[in-house]
Each structure stands twice: as structure tokens, then as C-alpha cells.
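Participant: Submitted below is the structure of interest, expressed as C-alpha cells.
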Amino acid sequence: MKIAVFGATGSVGRHVVRQAEGLGHEVTALVRDPVKLNDESVAVVQGDVLDPVAVRDAVDGQEAVIVVLGAGRRGGVRGPGTRVIIDAMRDAGVQRLIVQSTLGVGDSRPNLPPVWRYLMFGLLLRPAYADHVEQEQHVRDSGLRWTIVRPAAFTDGPRTGVYRHGFGPDAEDLSSKISRADVADFLLGQLTSPSYVHRTPGLSYARP
């Protein structure tokens, strides 16, 4: 497929790009600094995700869009940036949207261990959490064929392809961790699967 990736130079985005190429997808990436991508097989559009013109250039002619935007603790990019992407997709007639959010948003909040539920997202990472909430609302209101993926806390482990997904808020056997490589694996799997269209699957390893 022809796919646009937003957040391609981030810690998950790099895995998405590399795995997408391995699957034979044609990747277009919007990046502020092309040097950071360092991949000649990727079609690069230089620009910022808050720039509607640059985003439209990246979205034109694509069959799907994967959003793995990051903004650290401060937030303020995922929500507004995803809204710009959605507007560009509507204009370009691109329907399939796959967005990485985070476990703990919406009805997945009970899946978080107490330290994340009350201390991290409740206090230390509150702006980042609010950014994810805003992002998810834009996606839900988009009218597109969307999937919101909610991964647990990232690790630098390998791609295993073995993880839990689509669990309910009462799941008790979660490790609350997932490797960035496996997040990318699941995101790319949604390109050819209708299972989670208009759904918000969580993603985590099972507790050992």
C-alpha cells in the first residue's frame, strides 16, 4: 500500500517505517529534518505537522495514514497535528486512519497500574495525557475509517508478534509494557485488517 507516516523520526515511527518497507509498502514521511530519517527509500516531505500545506502534500495519493506523533511531557502536538492530518485526508479523499494513542485514555484507564493512573497521568504527565484525549476526540469525530491503538508503556525490546490486544478495562493479566517494535507490528497489521475499524484496542504483553 501507499502510506503516509507522521512521526516517522520518533521512537515508534522509525520501527513503523522500517517494518513497512519490509512488507513492501511505499512510505511517504512528513519530517521537519530529513537528515534524521536517513532512509533513501522513503519519499520525504519536509515540513511541520501543523502546516496544512505540507501535510496535504504528504497525504495526497496515499491509501492510508499512520500517526505516531510524539510531544514528550508538554503535549500540544498530537491533538492539533492530528486535526490538521484529518482535514488533509478529507480533502484528498483518503479514508483509512490508524493512530497511536496511549493505554489509559477513555475506558482503558482501569488497565493502568495505580502509579500511572494517579501519579504519572494524574499529575506528572497531565499535559501529555490531555493531548492524547484531544487527539482521540478528533479521530472519533473525523468520519474516516479510523483505528485508535492504545499501547502500554514502551520498552526497547524486540519485535515478537506475541502480545495481547483488544482486551477490556477489567483485564488483570497485563504487564503494562510493550516494545516499540511490537507497537509498530500491530499498527501495520491494521492496514489489512478490518477487525478494529472504529475501535480502540489496547496493546500490552501478558504478565509473566
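Each chain in the C-alpha cells gets a letter, A, B, ..., in the order shown, and its residues are numbered from 1; ligands are numbered from 1 in order too.
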Pick out each residue of range 133-183 of chain A that DSSP on the backbone tags as strand (DSSP E); I need them as a PDB file with N, CA and C atoms, in the first residue's frame.
Facilitator:
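Listing of selection_25.pdb after writing:
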```pdb
ATOM      1  N   ARG A 145     -12.348   6.041   8.321  1.00  0.00           N
ATOM      2  CA  ARG A 145     -12.245   4.648   8.772  1.00  0.00           C
ATOM      3  C   ARG A 145     -11.033   4.557   9.713  1.00  0.00           C
ATOM      4  N   TRP A 146     -11.276   4.860  10.970  1.00  0.00           N
ATOM      5  CA  TRP A 146     -10.180   5.021  11.914  1.00  0.00           C
ATOM      6  C   TRP A 146     -10.025   3.822  12.840  1.00  0.00           C
ATOM      7  N   THR A 147      -8.814   3.681  13.336  1.00  0.00           N
ATOM      8  CA  THR A 147      -8.499   2.785  14.448  1.00  0.00           C
ATOM      9  C   THR A 147      -7.559   3.543  15.379  1.00  0.00           C
ATOM     10  N   ILE A 148      -7.889   3.567  16.653  1.00  0.00           N
ATOM     11  CA  ILE A 148      -7.033   4.173  17.666  1.00  0.00           C
ATOM     12  C   ILE A 148      -6.384   3.045  18.462  1.00  0.00           C
ATOM     13  N   VAL A 149      -5.064   2.980  18.430  1.00  0.00           N
ATOM     14  CA  VAL A 149      -4.325   1.933  19.138  1.00  0.00           C
ATOM     15  C   VAL A 149      -3.764   2.516  20.432  1.00  0.00           C
ATOM     16  N   ARG A 150      -4.016   1.812  21.543  1.00  0.00           N
ATOM     17  CA  ARG A 150      -3.598   2.302  22.853  1.00  0.00           C
ATOM     18  C   ARG A 150      -2.550   1.368  23.462  1.00  0.00           C
ATOM     19  N   PRO A 151      -1.264   1.628  23.183  1.00  0.00           N
ATOM     20  CA  PRO A 151      -0.214   0.766  23.732  1.00  0.00           C
ATOM     21  C   PRO A 151       0.112   1.092  25.186  1.00  0.00           C
ATOM     22  N   ALA A 153       3.150   1.022  28.310  1.00  0.00           N
ATOM     23  CA  ALA A 153       4.440   1.713  28.401  1.00  0.00           C
ATOM     24  C   ALA A 153       5.461   1.051  27.473  1.00  0.00           C
ATOM     25  N   PHE A 154       6.235   1.886  26.768  1.00  0.00           N
ATOM     26  CA  PHE A 154       7.175   1.389  25.771  1.00  0.00           C
ATOM     27  C   PHE A 154       8.427   0.780  26.399  1.00  0.00           C
ATOM     28  N   THR A 155       8.935  -0.253  25.725  1.00  0.00           N
ATOM     29  CA  THR A 155      10.252  -0.796  26.035  1.00  0.00           C
ATOM     30  C   THR A 155      11.044  -0.856  24.732  1.00  0.00           C
ATOM     31  N   ARG A 164      -0.997  -9.118  23.781  1.00  0.00           N
ATOM     32  CA  ARG A 164      -2.453  -9.054  23.947  1.00  0.00           C
ATOM     33  C   ARG A 164      -2.972  -7.767  23.329  1.00  0.00           C
ATOM     34  N   HIS A 165      -4.144  -7.854  22.724  1.00  0.00           N
ATOM     35  CA  HIS A 165      -4.752  -6.667  22.127  1.00  0.00           C
ATOM     36  C   HIS A 165      -6.272  -6.785  22.189  1.00  0.00           C
ATOM     37  N   LYS A 177       3.408  -3.277  29.646  1.00  0.00           N
ATOM     38  CA  LYS A 177       4.580  -2.943  28.841  1.00  0.00           C
ATOM     39  C   LYS A 177       4.426  -3.529  27.448  1.00  0.00           C
ATOM     40  N   ILE A 178       5.059  -2.878  26.470  1.00  0.00           N
ATOM     41  CA  ILE A 178       5.044  -3.354  25.091  1.00  0.00           C
ATOM     42  C   ILE A 178       6.247  -2.734  24.375  1.00  0.00           C
ATOM     43  N   SER A 179       6.922  -3.512  23.567  1.00  0.00           N
ATOM     44  CA  SER A 179       8.076  -2.953  22.855  1.00  0.00           C
ATOM     45  C   SER A 179       7.614  -2.047  21.721  1.00  0.00           C
TER      46      SER A 179
END
```
Participant: Going by DSSP on the backbone, which residues of range 53-184 of chain A come out as alpha helix (DSSP H)? List them as a PyMOL selection string.
Facilitator: chain A and resi 53-59+78-92+114+126-140+180-184
Participant: List the spatial neighbours of range 87-90 of chain A as a list in words - criterion: any atom at most 9 Å away, only C-alpha atoms, same-chain residues fewer than 3 positions off excluded.
Facilitator: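 Here the answer would be Pro52, Val53, Val55, Arg56, Asp57, Ala58, Val59, Asp60, Val65, Thr82, Arg83, Val84, Gly93, Val94, Gln95, Arg96, Leu97, Ser142, Gly143 and Leu144 of chain A.
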Participant: Neighbouring residues of range 43-45 of chain A were defined as those with any atom within 8 Å, considering only C-alpha atoms; residues of the same chain fewer than 3 positions away were excluded. Please report them as a ChimeraX atom specification.
Facilitator: /A:27-31,34,40,54,57-58
Participant: Let me see the file: selected residues, C-alpha atoms, as a PDB file, in the first residue's frame.
Facilitator:
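Generated output (result27.pdb):
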```pdb
ATOM      1  CA  VAL A  27       6.164   5.085   2.559  1.00  0.00           C
ATOM      2  CA  THR A  28       5.877   8.862   2.494  1.00  0.00           C
ATOM      3  CA  ALA A  29       7.015  10.671   5.630  1.00  0.00           C
ATOM      4  CA  LEU A  30       6.480  14.244   6.742  1.00  0.00           C
ATOM      5  CA  VAL A  31       9.580  15.316   8.679  1.00  0.00           C
ATOM      6  CA  PRO A  34      15.103  14.875   6.569  1.00  0.00           C
ATOM      7  CA  GLU A  40      16.615   6.928   0.798  1.00  0.00           C
ATOM      8  CA  ALA A  54       2.916  20.352   3.961  1.00  0.00           C
ATOM      9  CA  ASP A  57       1.439  17.239   0.206  1.00  0.00           C
ATOM     10  CA  ALA A  58       2.234  14.179   2.318  1.00  0.00           C
TER      11      ALA A  58
END
```
Participant: Residues near Asp182 in chain A, anyone? I mean within 9 Å using only C-alpha atoms, not counting same-chain ones fewer than 5 positions away, as a list in words.
Facilitator: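 Once the adjacent positions are removed, what remains is His15, Gly157, Pro158, Arg159, Thr160, Gly161, Val162, Tyr163 and Leu187 of chain A.
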Participant: Pull C-alpha atoms from the residues just selected and write them as a compact mmCIF listing (two decimals), in the first residue's frame.
Facilitator:
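Output (part-v1.txt):
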```txt
# COMPACT_ATOMS: atom_id res chain seq x y z
CA HIS A 15 10.08 0.99 13.57
CA GLY A 157 12.59 -4.98 23.34
CA PRO A 158 12.43 -6.93 20.08
CA ARG A 159 9.56 -7.46 17.71
CA THR A 160 7.87 -10.65 18.90
CA GLY A 161 4.40 -10.54 17.35
CA VAL A 162 3.13 -12.06 20.59
CA TYR A 163 1.05 -9.68 22.69
CA LEU A 187 -0.15 -0.68 13.76
```
Participant: Any idea what the distance is between CA of Arg140 in chain A and CA of Asp107 in chain A?
Facilitator: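 Going from CA of Arg140 in chain A over to CA of Asp107 in chain A covers 14.1 Å.
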Participant: With distances taken over only C-alpha atoms, which residue among A:Gly75, A:His25, A:Pro80, A:Ile66 lies nearest Asp51 in chain A?
Facilitator: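 Of A:Gly75, A:His25, A:Pro80, A:Ile66, the one nearest Asp51 in chain A is A:Pro80, counting only C-alpha atoms.
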Participant: Any idea what the distance is between CA of Arg78 in chain A and CA of Tyr205 in chain A?
Facilitator: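 Pair CA of Arg78 in chain A / CA of Tyr205 in chain A returns 24.8 Å.
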Participant: Residues within 6 Å of range 169-173 of chain A, please, as a ChimeraX atom specification. Count only C-alpha atoms; anything in the same chain fewer than 5 positions from it doesn't count.
Facilitator: /A:108,110-111,206-207
Participant: Could the residues in this selection be written to a file with C-alpha atoms, as a PDB file, in the first residue's frame?
Facilitator:
```pdb
ATOM      1  CA  SER A 108      -8.848   1.894  29.204  1.00  0.00           C
ATOM      2  CA  PRO A 110      -8.537   0.937  34.645  1.00  0.00           C
ATOM      3  CA  ASN A 111      -5.899  -1.017  32.677  1.00  0.00           C
ATOM      4  CA  ALA A 206       0.656 -10.557  29.219  1.00  0.00           C
ATOM      5  CA  ARG A 207       2.028 -10.658  32.745  1.00  0.00           C
TER       6      ARG A 207
END
```
Participant: Rank A:Thr9, A:Thr102, A:Asn38, A:Gln19 by their smallest atom-to-atom distance to Pro201 in chain A, using only C-alpha atoms, and report the top residue only.
Facilitator: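 Among the listed residues, A:Thr102 lies closest to Pro201 in chain A.
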Participant: From the options A:Val67, A:Ser175, A:Gly76, A:Gly104, which residue's atoms come nearest to Glu134 in chain A, counting only C-alpha atoms?
Facilitator: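 Closest candidate: A:Gly76.
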Participant: Near Gly70 in chain A, within 12 Å and counting only C-alpha atoms, which residues show up once chain neighbours fewer than 4 positions away are dropped, as a list of chain:residue names?
Facilitator: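 The contact residues come out as A:Phe6, A:Gly7, A:Ala8, A:Thr9, A:Gly10, A:Ser11, A:Val12, A:Gly13, A:Val49, A:Arg74, A:Gly75, A:Gly76, A:Val77, A:Arg78, A:Gly79, A:Pro80, A:Gly81, A:Thr82, A:Val99, A:Gln100, A:Ser101, A:Thr102, A:Ala128, A:Tyr129, A:Asp131, A:His132, A:Gln135.
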